[in-house]
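Participant: Below: one structure in C-alpha cells.
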There are 4 protein chains.
Amino acid sequence: MILVMKNNISDAELGSVVQEIENAGLHTHISKGEEVTIVGLVGDKSKIDVTSLEANPSVEKVLQVTESYKLANKKFHPDPTGFAVKNTYIGPGTMTVMSGPCAVESEEQLLTIARAVKAEGATILRGGAYKPRTSPYSFQGLEEDGLRYMQTASKETGLATICEVTSAHAVESAYKYVDMLQVGARNMQNFELLKEVGKTNMPVLLKRGLCATIDEWLNAAEYIMAGGNEKVALCERGIRTYETSTRNTLDLSAVCVLKERTHLPVIVDPSHATGVRAYVEPLAKAAIACGADGLMIEVHNDPAHALSDGPQSLDFDQFHSVMTDLKPYISLANRTLA
Amino acid sequence: MILVMKNNISDAELGSVVQEIENAGLHTHISKGEEVTIVGLVGDKSKIDVTSLEANPSVEKVLQVTESYKLANKKFHPDPTGFAVKNTYIGPGTMTVMSGPCAVESEEQLLTIARAVKAEGATILRGGAYKPRTSPYSFQGLEEDGLRYMQTASKETGLATICEVTSAHAVESAYKYVDMLQVGARNMQNFELLKEVGKTNMPVLLKRGLCATIDEWLNAAEYIMAGGNEKVALCERGIRTYETSTRNTLDLSAVCVLKERTHLPVIVDPSHATGVRAYVEPLAKAAIACGADGLMIEVHNDPAHALSDGPQSLDFDQFHSVMTDLKPYISLANRTLA
Amino acid sequence: MILVMKNNISDAELGSVVQEIENAGLHTHISKGEEVTIVGLVGDKSKIDVTSLEANPSVEKVLQVTESYKLANKKFHPDPTGFAVKNTYIGPGTMTVMSGPCAVESEEQLLTIARAVKAEGATILRGGAYKPRTSPYSFQGLEEDGLRYMQTASKETGLATICEVTSAHAVESAYKYVDMLQVGARNMQNFELLKEVGKTNMPVLLKRGLCATIDEWLNAAEYIMAGGNEKVALCERGIRTYETSTRNTLDLSAVCVLKERTHLPVIVDPSHATGVRAYVEPLAKAAIACGADGLMIEVHNDPAHALSDGPQSLDFDQFHSVMTDLKPYISLANRTLA
Amino acid sequence: MILVMKNNISDAELGSVVQEIENAGLHTHISKGEEVTIVGLVGDKSKIDVTSLEANPSVEKVLQVTESYKLANKKFHPDPTGFAVKNTYIGPGTMTVMSGPCAVESEEQLLTIARAVKAEGATILRGGAYKPRTSPYSFQGLEEDGLRYMQTASKETGLATICEVTSAHAVESAYKYVDMLQVGARNMQNFELLKEVGKTNMPVLLKRGLCATIDEWLNAAEYIMAGGNEKVALCERGIRTYETSTRNTLDLSAVCVLKERTHLPVIVDPSHATGVRAYVEPLAKAAIACGADGLMIEVHNDPAHALSDGPQSLDFDQFHSVMTDLKPYISLANRTLA
C-alpha cells in the first residue's frame with residue numbers, strides 16, 4: 001500500500017501519519033520527490049484500515065498494490081482448479097456445456113429439453129426455478145416444483161443440474177434437488193447469499209454483476225471460499241455499457257484477465273450477454289478460442305412461446321447446429337467435451 | 001406495445017402473429033409503410049408475454065410505450081406522496097436530513113454523533129449495523145448490537161433512525177429497533193429482500209443500484225409497494241461510469257426524471273456518490289436546488305479513524321458549516337427542515 | 001511516478017530498471033515490501049517515457065501521482081481565471097449566460113432570438129453555423145452565412161457571440177465574425193483543431209467529450225493553452241452512460257472536481273446534457289448552486305419547428321420564466337449576471 | 001417512424017400533428033389504444049425533421065424504426081464488400097493482418113519491423129506518423145518524415161501501408177505516400193475529416209469512437225461513403241466502460257452486430273483494445289472465431305523502449321508465436337491469409 005501525501009504538508013504532519021502506521025506494527029519507506037512525498041507501507045496490511053488512511057487530512061490518495069482476495073488469487077494457487085459436478089467436470093482440459101431453458105415451465109417441457117441437450121453433448125442441465133425479474137408482475141418461476149422437475153430430469157437423463165438461488169431459503173431447497181447452485185448477476189454482491197452458498201459443499205456458478213469490476217467479482221468469490229466452499233466457477237455474462245445493440249456487452253477480455261488473476265474456472269454465457277439468438281454461435285466460438293472452460297447456452301423447445309428470454313434461446317435444430325460447429329474449436333483449444 | 005415486423009414477411013406470417021395476439025383477447029392496428037410494417041397492440045397487455053413476441057421469427061423488435069410499474073407511477077397518482085417516520089416527515093414542503101456514521105462503531109460513538117447531528121437540524125439518524133463490504137475480510141458491522149445502540153440513541157435524542165438491511169433476518173431484527181429500513185445499492189434488485197420489506201409497514205429508503213436505470217429502480221419500488229408497503233422513498237447515490245475522479249457519478253438529472261414519473265419522495269446522498277468530503281456541500285446545495293426532498297449526509301466524530309468511509313464523512317464543525325450554508329437554499333426551494 | 005515491480009524479479013532485473021531511470025537523470029527510491037517492491041522516481045519526469053516503463057517486463061504497473069497538465073493546473077495558478085468576451089466577462093463573481101438557438105437558421109430568426117435573450121440577461125449569443133450531425137443527411141448548418149448573421153445580431157444588440165468550429169477552415173472564418181470559439185464534444189480530442197484555436201487570441205469554450213475523463217479534458221485545455229491562448233472556459237454538457245432517460249448524464253460533480261484542479265472557469269449546459277426542456281431550469285439552478293461560472297441554454301423562437309434540437313429548446317416565455325427563477329440562486333451564490 | 005402521443009391530447013391537437021405530417025407529403029396511420037395513441041408515418045421520411053416532431057408539445061416520443069445510413073446498410077447491399085489495398089485485399093474469404101509499430105520512430109526501425117511482420121504473413125504495414133496524444137507534451141509523431149519512411153518500407157518489402165490521418169492537411173500528405181488511410185477513434189465523429197477522406201479514392205480504416213454506438217459508427221462510415229469513397233473497413237478497438245483491468249473493453253459482439261447490419265469488412269485491434277501484450281493472442285483468436293475479416297496487431301522491435309504504447313506491443317518472437325497459433329483458427333474460419 002502506498003500513500004501519496006498532500007503537497008506542502010509539514011514534517012510534523014508527515015511524522016504523525018508515519019507514527020500511526022508504525023503503531024499498527026507496520027514499517028514505512030518514505031520517498032520525497034520534488035512534487036510529492038510518498039509513504040510505502042511494509043508488513044501486514046490487515047492491521048490497518050485503508051479508509052482511515054484515506055480520510056487522513058495529510059493524505060492525498062492511497063494506492064493499493066496488492067489484491068484483497070487471497071483464496072481466489074492465482075499468485076498463491078498457481079495451478080488451475082477443477083472440480084466434479086455429479087458425474088461431469090469443470091476445469092482444465094474440458095469444455096463443459098450447460099444448457100436448458102431460462103425458466104422451468106413444466107416437467108414435460110424440461111424433460112423434452114433435457115433429452116435434447118444431452119444428445120448434443122451438454123452435461124449440465126440449467127433451468128430457473130426462482131426467477132429474478134425486473135417487474136413484480138412478470139412470471140417469477142415455479143420455485144420448489146421447478147426444482148423437483150430438475151431432479152426428475154436428472155434422474156432420467158443422468159445430466160447434472162444447476163439452478164439459480166435468490167435467498168437463504170432457496171439455497172436450502174435447491175441443495176436438496178440439484179447439483180450446482182447459481183448466484184445470478186443481480187445478487188453478485190448480495191453478501192448474505194454468498195455466505196449461505198459458502199456454507200454448503202456444493203459447486204457454485206457465480207455470475208458477474210451487471211457493472212461489477214473483475215476485482216469485485218473475485219472478492220465475491222472470496223466470500224464463498226472464505227466460508228469453506230472452494231468449488232466456485234465464474235460466469236461472464238455481459239456487462240452494462242452505453243451500447244444498446246446487444247442487451248449487455250460481452251466482455252471476453254475478462255476471460256483473459258481472469259486466467260491471469262485466478263485459478264478458478266471460467267464459463268461464458270453468450271445467450272444472456274447478447275439477448276440475440278444469432279450471436280450465440282459466433283460468440284461461443286470466440287469464448288472457446290480465448291480460453292473459456294465452459295459455456296452456458298439457453299435452449300428451449302419452443303422459443304417463440306417461452307415464458308422468459310425467448311429471443312435468445314436456441315431451438316433444438318439450432319442447438320444441434322451450434323454444437324456441431326463448436327466441436328472443431330473445442331479440439332483446437334485442446335479440450336474435450338466434459 | 002408496438003411490434004416492428006421483419007422486412008419481407010409474407011401476409012400469412014403477418015396474419016399468424018395477428019391471430020396470436022387476438023387469441024389473447026387484444027386488438028391490433030396494422031400500419032404498412034414502404035420500409036416496415038408495424039402492428040400496434042390495444043388492450044390488456046398483461047395477457048400477453050412480451051418475450052414470446054420478441055422471440056417470434058417474424059418480429060424484428062418490440063417497442064414498449066407504457067411503463068410496467070403502476071403503484072409508483074405518477075400517471076395514476078399525480079399528487080406527491082409524503083409520510084411520517086416516527087415524529088419527522090419525508091415529503092412535499094420539507095427537507096429531511098438523514099445523518100450519522102457509515103457504520104455504527106460503539107454506543108458511545110453513536111450517541112456523540114446523534115447529539116451533534118440533532119443540534120444541526122437532522123431528524124433521522126443513519127448508521128449501518130449490517131455493512132455490505134466488497135471484501136469478506138473488511139469490518140462487517142456490529143449487527144444486532146448496532147441496532148440496539150440505534151434504539152438507545154433514538155430514545156435519548158428523539159431522532160428517528162434508519163438502518164440498512166441485507167437479508168430477511170436483518171429485516172426482522174431491524175424492525176424491532178429502528179424506524180426506517182434502507183435497501184442498499186447492491187441489493188436494489190435483490191427481489192427477495194424487496195418482498196420482505198414490502199411485507200412490513202415501515203418506511204423504506206430504496207437506494208439506486210450502481211448501474212440501475214430509472215425504470216428498473218421504479219420497478220424495484222413497485223416490488224415493495226406490490227407487497228402492501230407504499231411508504232417508499234428513493235435515494236440517488238451515484239451511478240457507475242467510466243469517470244474515476246469521484247467514486248460514482250451523482251446523477252442529479254435523475255431527480256428531475258423521478259419528479260416527472262413518480263409521486264414518491266426523492267433523497268440525495270452526496271457523501272456516497274462522490275466519496276469526497278469537500279464535494280458534499282456544493283452537491284447538497286445542487287440537490288436542493290433541483291428538487292430533492294431530503295439529503296443523506298455522513299457525519300463522524302473522528303473521520304480519520306472511521307472504520308468505514310472516512311474520506312467522505314464530515315466532522316461536527318464541517319457539518320455545522322454545511323447545514324448553515326444549506327439553509328438559504330432550503331428556504332429558496334420553499335421547504336423547511338423536517 | 002511510482003513503479004510497482006513484478007513479483008520475484010531478481011536483483012539484477014531491479015538494478016537494470018533503476019539504471020535506466022538514473023541514466024535519464026532521475027533519482028530512485030526503492031521500497032521492498034513483503035509482497036511487492038516499489039520504485040519511486042524523483043526528478044524531471046519529462047525526461048523519461050512512461051510507456052517505455054510500462055512495457056518493461058520487470059514492471060507490473062506504473063502509478064502516476066502528478067498531473068500532466070501544467071498551465072491549466074490550479075496547483076501552479078491558485079487564483080481563478082477570468083477574461084473578457086467582447087464587453088462581457090466570464091469568471092469569478094459573475095454568472096455568464098450564453099443563449100440562442102442550436103443552429104442559426106436565418107438572419108431574421110437569429111435577430112428575433114438575440115433580442116429576446118438579451119432582454120432576459122444573457123450576454124453571449126450562441127448559434128451553430130457548422131453543425132456536427134450524426135448523419136450526413138441531416139442539416140449541416142449555414143456555414144459562413146450563419147457567421148455573418150451572428151455578426152449582424154451582435155452589432156444590433158451588443159451581445160457577444162460564440163460559434164462552434166469544426167475545422168481549421170472554420171476557425172479562420174469564425175475568427176472574422178464572432179467573439180468566442182466553441183470546440184464541441186465530438187472534437188474535444190481533435191488535437192489539430194485544439195492547436196488551431198490555441199494559435200488565436202480569442203476566448204474558447206471547450207466542451208467535454210462524450211466519454212472524456214476530467215483529466216483528458218484538462219489535457220485538451222492544455223493543448224490550447226500550450227499554443228499561447230490561455231482564455232479557455234470548460235463546458236460540462238453531460239457524459240455518456242447506460243442511462244437513457246436523459247440524452248446524456250449531466251455530471252455536476254465534475255464542476256466540484258474542476259474547481260479543485262483548475263483555475264479555468266466552468267460553464268454548464270443543461271440543454272444538451274438532458275435533451276429535455278423541462279429539466280433545464282432545475283439543473284441550471286443546481287449548476288449555479290454547486291459553483292458554475294456560467295450557463296449555456298438553448299432558446300428558440302419556435303422550438304416545434306427548430307431544424308435541430310427542438311425538444312430541449314426553451315421558447316421566449318419559458319426562458320423568461322427560467323431566468324426569473326434563476327436570479328435568487330445567482331445572488332445566493334454571490335454572483336451577478338455578467 | 002412512429003409517434004407516441006402524449007396522454008389526453010385533444011382530437012384537435014392530434015389532427016394538427018397529422019396535418020403537419022401530411023403537408024410534408026407523408027401518410028399517417030393512427031392507432032388509438034386504451035393508454036396511448038400512436039401515429040405511424042408512411043413515405044419519404046427525409047421530407048420531415050425528426051427533432052421538430054420530438055419538440056411538438058403533443059408528442060411524447062418518436063421511435064425510429066429504420067436506419068439513417070443507406071450506403072453502408074446491408075439491407076440495400078446484401079453481399080459483403082471487399083476491396084484491394086495495393087496488392088493485398090480486405091474482404092470475404094481472407095484474413096488481413098495489419099502490423100507494425102504504434103508510432104514510426106526512424107527509417108531503420110520501420111524497415112526492421114516491416115521485414116519481420118512480412119515474414120510472418122502480415123500484408124499491411126501500420127505505423128503512426130501523426131499521433132493523437134492525450135497530453136500536448138507527449139511525442140506527437142514524425143509527420144511527413146514518418147510517411148516517407150512508410151513509403152520506403154513499402155518499396156523495399158512490397159507491403160501495403162496504412163497511416164492515421166488527423167487533419168485535412170495530413171490526408172493530403174498521407175495520400176502521396178501510403179495505401180490506406182486510418183481515421184482514429186478520437187476522430188470518428190470529426191465530420192470534416194470524414195468528408196476529406198470521403199473525397200479521396202483510397203481505402204479507409206474507420207476505428208470506432210471510444211463511446212460510439214454501432215449506429216453512430218455506421219453513420220460515420222456513411223459520411224465517407226456519401227462523399228463517393230465506398231472502400232471503408234470498420235475497426236473495433238475497444239469501448240470505454242467502467243472496467244479498468246483492460247485499457248478499453250473489446251466489444252466482440254459488435255463484430256456480430258456489424259455482420260448483420262452492414263456489408264463492410266470488419267477488422268479487430270486487440271492491441272489497443274486491451275493495452276496488454278498477453279491478451280493479444282487469445283483475443284485475436286476470438287476475433288477470427290466470431291467473424292472478423294482482419295486483425296491489427298502492434299509489433300515493435302524493442303517494446304520496452306517504444307515511444308508509444310510499448311506495453312501492448314509484441315516483439316518479433318512473440319509475433320511469430322502468435323501468427324503460428326492463429327493459423328489453424330484462420331483455416332477453421334474458412335479464410336486464408338491475405
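Labels used: A, B, ... for chains in the order of the C-alpha cells, numbers from 1 for residues in each chain, and numbers from 1 for ligands as shown.
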Hey, list the chain D side of the contact with chain C: 6 Å cut-off, only C-alpha atoms, answer as a count of residues only.
Facilitator: 18
Participant: For the helix (DSSP H, G or I) assignment from backbone DSSP, which residues of stretch 67-273 of chain C qualify? Please present them as an NGL selection string.
Facilitator: :C and (107-120 or 144-157 or 168-177 or 185-187 or 191-199 or 214-226 or 253-261 or 270-273)
Participant: Taking 6 positions as the minimum chain separation for residues in the same chain, which residues sit within 12 Å of C:Val299 when counting only C-alpha atoms? Answer as a ChimeraX atom specification.
Facilitator: /C:97-104,109-110,112-118,120,122,125-127,271-272,277,280,306,308-320,322-323
Participant: Those same residues - N, CA and C atoms - I'd like them written as a short mmCIF file (atom, residue, chain, number, x, y, z; two decimals), in the first residue's frame.
Facilitator:
```cif
data_model
loop_
_atom_site.label_atom_id
_atom_site.label_comp_id
_atom_site.auth_asym_id
_atom_site.auth_seq_id
_atom_site.Cartn_x
_atom_site.Cartn_y
_atom_site.Cartn_z
N VAL C 97 -24.50 34.08 -18.96
CA VAL C 97 -25.49 33.25 -19.63
C VAL C 97 -25.32 33.36 -21.15
N MET C 98 -25.10 32.20 -21.77
CA MET C 98 -24.95 32.10 -23.23
C MET C 98 -26.20 31.44 -23.76
N SER C 99 -26.94 32.18 -24.60
CA SER C 99 -28.20 31.61 -25.07
C SER C 99 -28.38 31.86 -26.55
N GLY C 100 -29.27 31.06 -27.11
CA GLY C 100 -29.57 31.20 -28.52
C GLY C 100 -29.96 29.86 -29.08
N PRO C 101 -30.13 29.79 -30.38
CA PRO C 101 -30.60 28.55 -31.00
C PRO C 101 -29.46 27.54 -31.14
N CYS C 102 -29.80 26.27 -31.26
CA CYS C 102 -28.80 25.25 -31.56
C CYS C 102 -28.14 25.62 -32.89
N ALA C 103 -28.95 25.80 -33.92
CA ALA C 103 -28.43 26.15 -35.24
C ALA C 103 -28.98 27.49 -35.68
N VAL C 104 -28.13 28.31 -36.31
CA VAL C 104 -28.61 29.53 -36.96
C VAL C 104 -29.41 29.09 -38.19
N GLN C 109 -34.58 34.98 -37.98
CA GLN C 109 -34.73 34.15 -36.79
C GLN C 109 -33.72 34.54 -35.72
N LEU C 110 -32.48 34.70 -36.14
CA LEU C 110 -31.42 34.94 -35.17
C LEU C 110 -31.61 36.29 -34.47
N THR C 112 -34.41 37.90 -33.97
CA THR C 112 -35.55 37.77 -33.05
C THR C 112 -35.10 37.13 -31.73
N ILE C 113 -34.33 36.06 -31.87
CA ILE C 113 -33.88 35.36 -30.67
C ILE C 113 -32.88 36.22 -29.89
N ALA C 114 -31.98 36.88 -30.61
CA ALA C 114 -30.95 37.69 -29.95
C ALA C 114 -31.61 38.78 -29.08
N ARG C 115 -32.61 39.43 -29.64
CA ARG C 115 -33.29 40.48 -28.85
C ARG C 115 -33.94 39.87 -27.61
N ALA C 116 -34.56 38.71 -27.80
CA ALA C 116 -35.27 38.09 -26.67
C ALA C 116 -34.30 37.65 -25.56
N VAL C 117 -33.19 37.05 -25.91
CA VAL C 117 -32.30 36.56 -24.86
C VAL C 117 -31.59 37.72 -24.18
N LYS C 118 -31.30 38.76 -24.96
CA LYS C 118 -30.67 39.94 -24.34
C LYS C 118 -31.61 40.55 -23.29
N GLU C 120 -33.52 39.20 -21.37
CA GLU C 120 -33.60 38.41 -20.12
C GLU C 120 -32.28 38.39 -19.35
N ALA C 122 -29.08 37.45 -20.85
CA ALA C 122 -27.96 36.73 -21.48
C ALA C 122 -27.02 37.78 -22.06
N LEU C 125 -24.49 35.47 -27.26
CA LEU C 125 -25.44 34.81 -28.15
C LEU C 125 -24.76 33.57 -28.73
N ARG C 126 -25.40 32.42 -28.56
CA ARG C 126 -24.84 31.21 -29.15
C ARG C 126 -25.65 30.88 -30.40
N GLY C 127 -25.04 30.19 -31.33
CA GLY C 127 -25.75 29.79 -32.53
C GLY C 127 -24.79 29.02 -33.41
N SER C 271 -29.09 22.08 -21.35
CA SER C 271 -29.93 21.78 -22.52
C SER C 271 -29.42 20.56 -23.27
N HIS C 272 -28.13 20.57 -23.64
CA HIS C 272 -27.59 19.42 -24.35
C HIS C 272 -27.44 18.21 -23.44
N ARG C 277 -36.49 19.85 -22.31
CA ARG C 277 -36.78 21.23 -21.93
C ARG C 277 -37.11 21.38 -20.44
N VAL C 280 -34.25 21.76 -17.84
CA VAL C 280 -33.25 22.83 -17.94
C VAL C 280 -33.24 23.70 -16.68
N ALA C 306 -37.86 23.91 -34.92
CA ALA C 306 -36.40 24.09 -34.98
C ALA C 306 -35.79 23.05 -35.91
N SER C 308 -32.94 21.81 -35.48
CA SER C 308 -32.03 20.99 -34.70
C SER C 308 -32.35 21.14 -33.22
N ASP C 309 -32.42 20.03 -32.51
CA ASP C 309 -32.54 20.05 -31.04
C ASP C 309 -33.73 20.82 -30.49
N GLY C 310 -34.84 20.78 -31.19
CA GLY C 310 -36.05 21.43 -30.70
C GLY C 310 -36.49 20.99 -29.30
N PRO C 311 -36.45 19.67 -28.99
CA PRO C 311 -37.04 19.20 -27.74
C PRO C 311 -36.41 19.79 -26.49
N GLN C 312 -35.19 20.28 -26.61
CA GLN C 312 -34.55 20.81 -25.43
C GLN C 312 -34.57 22.34 -25.40
N SER C 313 -35.06 22.97 -26.47
CA SER C 313 -35.03 24.43 -26.54
C SER C 313 -36.21 25.04 -25.79
N LEU C 314 -35.92 26.17 -25.14
CA LEU C 314 -36.98 26.93 -24.47
C LEU C 314 -37.53 27.96 -25.45
N ASP C 315 -38.82 28.23 -25.36
CA ASP C 315 -39.34 29.36 -26.12
C ASP C 315 -39.14 30.62 -25.27
N PHE C 316 -39.55 31.79 -25.78
CA PHE C 316 -39.21 33.04 -25.08
C PHE C 316 -39.88 33.14 -23.71
N ASP C 317 -41.12 32.71 -23.64
CA ASP C 317 -41.82 32.77 -22.34
C ASP C 317 -41.14 31.86 -21.32
N GLN C 318 -40.79 30.67 -21.79
CA GLN C 318 -40.12 29.74 -20.88
C GLN C 318 -38.77 30.29 -20.43
N PHE C 319 -38.04 30.91 -21.35
CA PHE C 319 -36.74 31.46 -20.98
C PHE C 319 -36.90 32.61 -19.99
N HIS C 320 -37.93 33.41 -20.21
CA HIS C 320 -38.20 34.48 -19.25
C HIS C 320 -38.43 33.90 -17.86
N VAL C 322 -37.53 30.96 -16.68
CA VAL C 322 -36.31 30.34 -16.14
C VAL C 322 -35.38 31.41 -15.57
N MET C 323 -35.15 32.47 -16.34
CA MET C 323 -34.19 33.49 -15.91
C MET C 323 -34.70 34.18 -14.63
#
```
Participant: Show me, as a ChimeraX atom specification, the residues that have an atom within 9 Å of D:Lys32 when counting only C-alpha atoms, minus same-chain residues fewer than 6 positions from it.
Facilitator: /B:29,40,42 /D:38-39
Participant: Can I get the selected residues back with all heavy atoms, as a PDB file, in the first residue's frame?
Facilitator:
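As a result, out_13.pdb now contains:
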```pdb
ATOM      1  N   HIS B  29     -53.696  -2.948 -34.559  1.00  0.00           N
ATOM      2  CA  HIS B  29     -53.777  -1.964 -35.652  1.00  0.00           C
ATOM      3  C   HIS B  29     -52.569  -2.182 -36.531  1.00  0.00           C
ATOM      4  O   HIS B  29     -51.436  -2.142 -36.034  1.00  0.00           O
ATOM      5  CB  HIS B  29     -53.710  -0.527 -35.105  1.00  0.00           C
ATOM      6  CG  HIS B  29     -55.009  -0.036 -34.586  1.00  0.00           C
ATOM      7  ND1 HIS B  29     -55.723   0.964 -35.201  1.00  0.00           N
ATOM      8  CD2 HIS B  29     -55.732  -0.415 -33.514  1.00  0.00           C
ATOM      9  CE1 HIS B  29     -56.828   1.193 -34.511  1.00  0.00           C
ATOM     10  NE2 HIS B  29     -56.864   0.379 -33.481  1.00  0.00           N
ATOM     11  N   GLY B  40     -49.695  -2.417 -33.938  1.00  0.00           N
ATOM     12  CA  GLY B  40     -49.970  -1.835 -32.621  1.00  0.00           C
ATOM     13  C   GLY B  40     -50.900  -2.751 -31.834  1.00  0.00           C
ATOM     14  O   GLY B  40     -51.823  -3.331 -32.398  1.00  0.00           O
ATOM     15  N   VAL B  42     -53.653  -3.208 -28.792  1.00  0.00           N
ATOM     16  CA  VAL B  42     -54.589  -2.445 -27.977  1.00  0.00           C
ATOM     17  C   VAL B  42     -55.286  -3.409 -27.021  1.00  0.00           C
ATOM     18  O   VAL B  42     -55.773  -4.451 -27.456  1.00  0.00           O
ATOM     19  CB  VAL B  42     -55.641  -1.739 -28.877  1.00  0.00           C
ATOM     20  CG1 VAL B  42     -56.517  -0.830 -28.043  1.00  0.00           C
ATOM     21  CG2 VAL B  42     -54.943  -0.948 -29.983  1.00  0.00           C
TER      22      VAL B  42
ATOM     23  N   ILE D  38     -50.944   6.192 -31.063  1.00  0.00           N
ATOM     24  CA  ILE D  38     -49.728   6.045 -31.858  1.00  0.00           C
ATOM     25  C   ILE D  38     -50.005   6.569 -33.263  1.00  0.00           C
ATOM     26  O   ILE D  38     -51.059   6.283 -33.818  1.00  0.00           O
ATOM     27  CB  ILE D  38     -49.403   4.532 -32.000  1.00  0.00           C
ATOM     28  CG1 ILE D  38     -49.245   3.856 -30.636  1.00  0.00           C
ATOM     29  CG2 ILE D  38     -48.208   4.311 -32.888  1.00  0.00           C
ATOM     30  CD1 ILE D  38     -48.106   4.367 -29.844  1.00  0.00           C
ATOM     31  N   VAL D  39     -49.059   7.338 -33.813  1.00  0.00           N
ATOM     32  CA  VAL D  39     -49.180   7.747 -35.206  1.00  0.00           C
ATOM     33  C   VAL D  39     -47.995   7.173 -35.980  1.00  0.00           C
ATOM     34  O   VAL D  39     -46.844   7.473 -35.668  1.00  0.00           O
ATOM     35  CB  VAL D  39     -49.208   9.288 -35.332  1.00  0.00           C
ATOM     36  CG1 VAL D  39     -49.289   9.702 -36.805  1.00  0.00           C
ATOM     37  CG2 VAL D  39     -50.367   9.870 -34.542  1.00  0.00           C
TER      38      VAL D  39
END
```
Participant: I need the residues in stretch 98-296 of chain A that are strand (DSSP E or B) according to DSSP; give them as JSON, numbers by chain.
Facilitator: {"A": [98, 99, 100, 103, 124, 125, 126, 128, 160, 161, 162, 163, 164, 180, 181, 182, 183, 204, 205, 206, 207, 232, 233, 234, 235, 236, 239, 249, 262, 266, 267, 268, 294, 295, 296]}
Participant: Produce a file of the selected residues containing C-alpha atoms, as a compact mmCIF listing (two decimals), in the first residue's frame.
Facilitator:
```
# COMPACT_ATOMS: atom_id res chain seq x y z
CA MET A 98 -24.61 -26.09 -19.50
CA SER A 99 -27.87 -25.86 -21.42
CA GLY A 100 -31.57 -25.69 -20.90
CA ALA A 103 -37.15 -20.84 -16.73
CA ILE A 124 -25.29 -29.90 -17.10
CA LEU A 125 -28.96 -29.01 -17.37
CA ARG A 126 -29.76 -25.41 -16.48
CA GLY A 128 -34.54 -21.38 -13.46
CA ALA A 160 -26.06 -32.84 -13.65
CA THR A 161 -28.29 -29.86 -12.84
CA ILE A 162 -27.81 -26.21 -11.93
CA CYS A 163 -30.37 -23.78 -10.57
CA GLU A 164 -30.22 -20.11 -9.55
CA MET A 180 -24.79 -26.95 -8.58
CA LEU A 181 -26.01 -23.56 -7.30
CA GLN A 182 -26.01 -20.42 -9.41
CA VAL A 183 -25.69 -16.91 -7.94
CA VAL A 204 -21.30 -22.72 -7.28
CA LEU A 205 -21.51 -20.74 -10.51
CA LEU A 206 -21.00 -17.07 -9.69
CA LYS A 207 -22.24 -14.77 -12.44
CA VAL A 232 -16.52 -21.83 -7.47
CA ALA A 233 -16.72 -21.21 -11.22
CA LEU A 234 -17.04 -17.69 -12.58
CA CYS A 235 -19.50 -16.86 -15.36
CA GLU A 236 -19.03 -13.87 -17.67
CA ILE A 239 -21.67 -6.00 -18.57
CA THR A 249 -21.67 -6.12 -23.76
CA THR A 262 -7.32 -16.55 -10.55
CA VAL A 266 -14.39 -19.52 -16.23
CA ILE A 267 -17.69 -20.09 -18.03
CA VAL A 268 -19.13 -17.77 -20.71
CA GLY A 294 -17.32 -23.89 -20.41
CA LEU A 295 -20.42 -22.38 -21.96
CA MET A 296 -23.91 -21.66 -20.76
```
Participant: Could you tell me how far atom CA of A:Arg208 lies from atom CA of A:Ala72, in Å and to one decimal?
Facilitator: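 Separation of atom CA of A:Arg208 and atom CA of A:Ala72: 14.8 Å.
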Participant: Excluding stretch 79-87 of chain C and its own-chain neighbours fewer than 5 positions away, which residues fall within 7 Å of it when counting only C-alpha atoms? Please give them as a ChimeraX atom specification.
Facilitator: /C:92,160,179-180,203,231,263-265
Participant: Find, counting only C-alpha atoms, the residue in D:Val165, D:Leu41, D:Ala333, D:Ala12 that gets nearest to D:Gly25.
Facilitator: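 Answer, going by the shortest atom-to-atom distance: D:Leu41.
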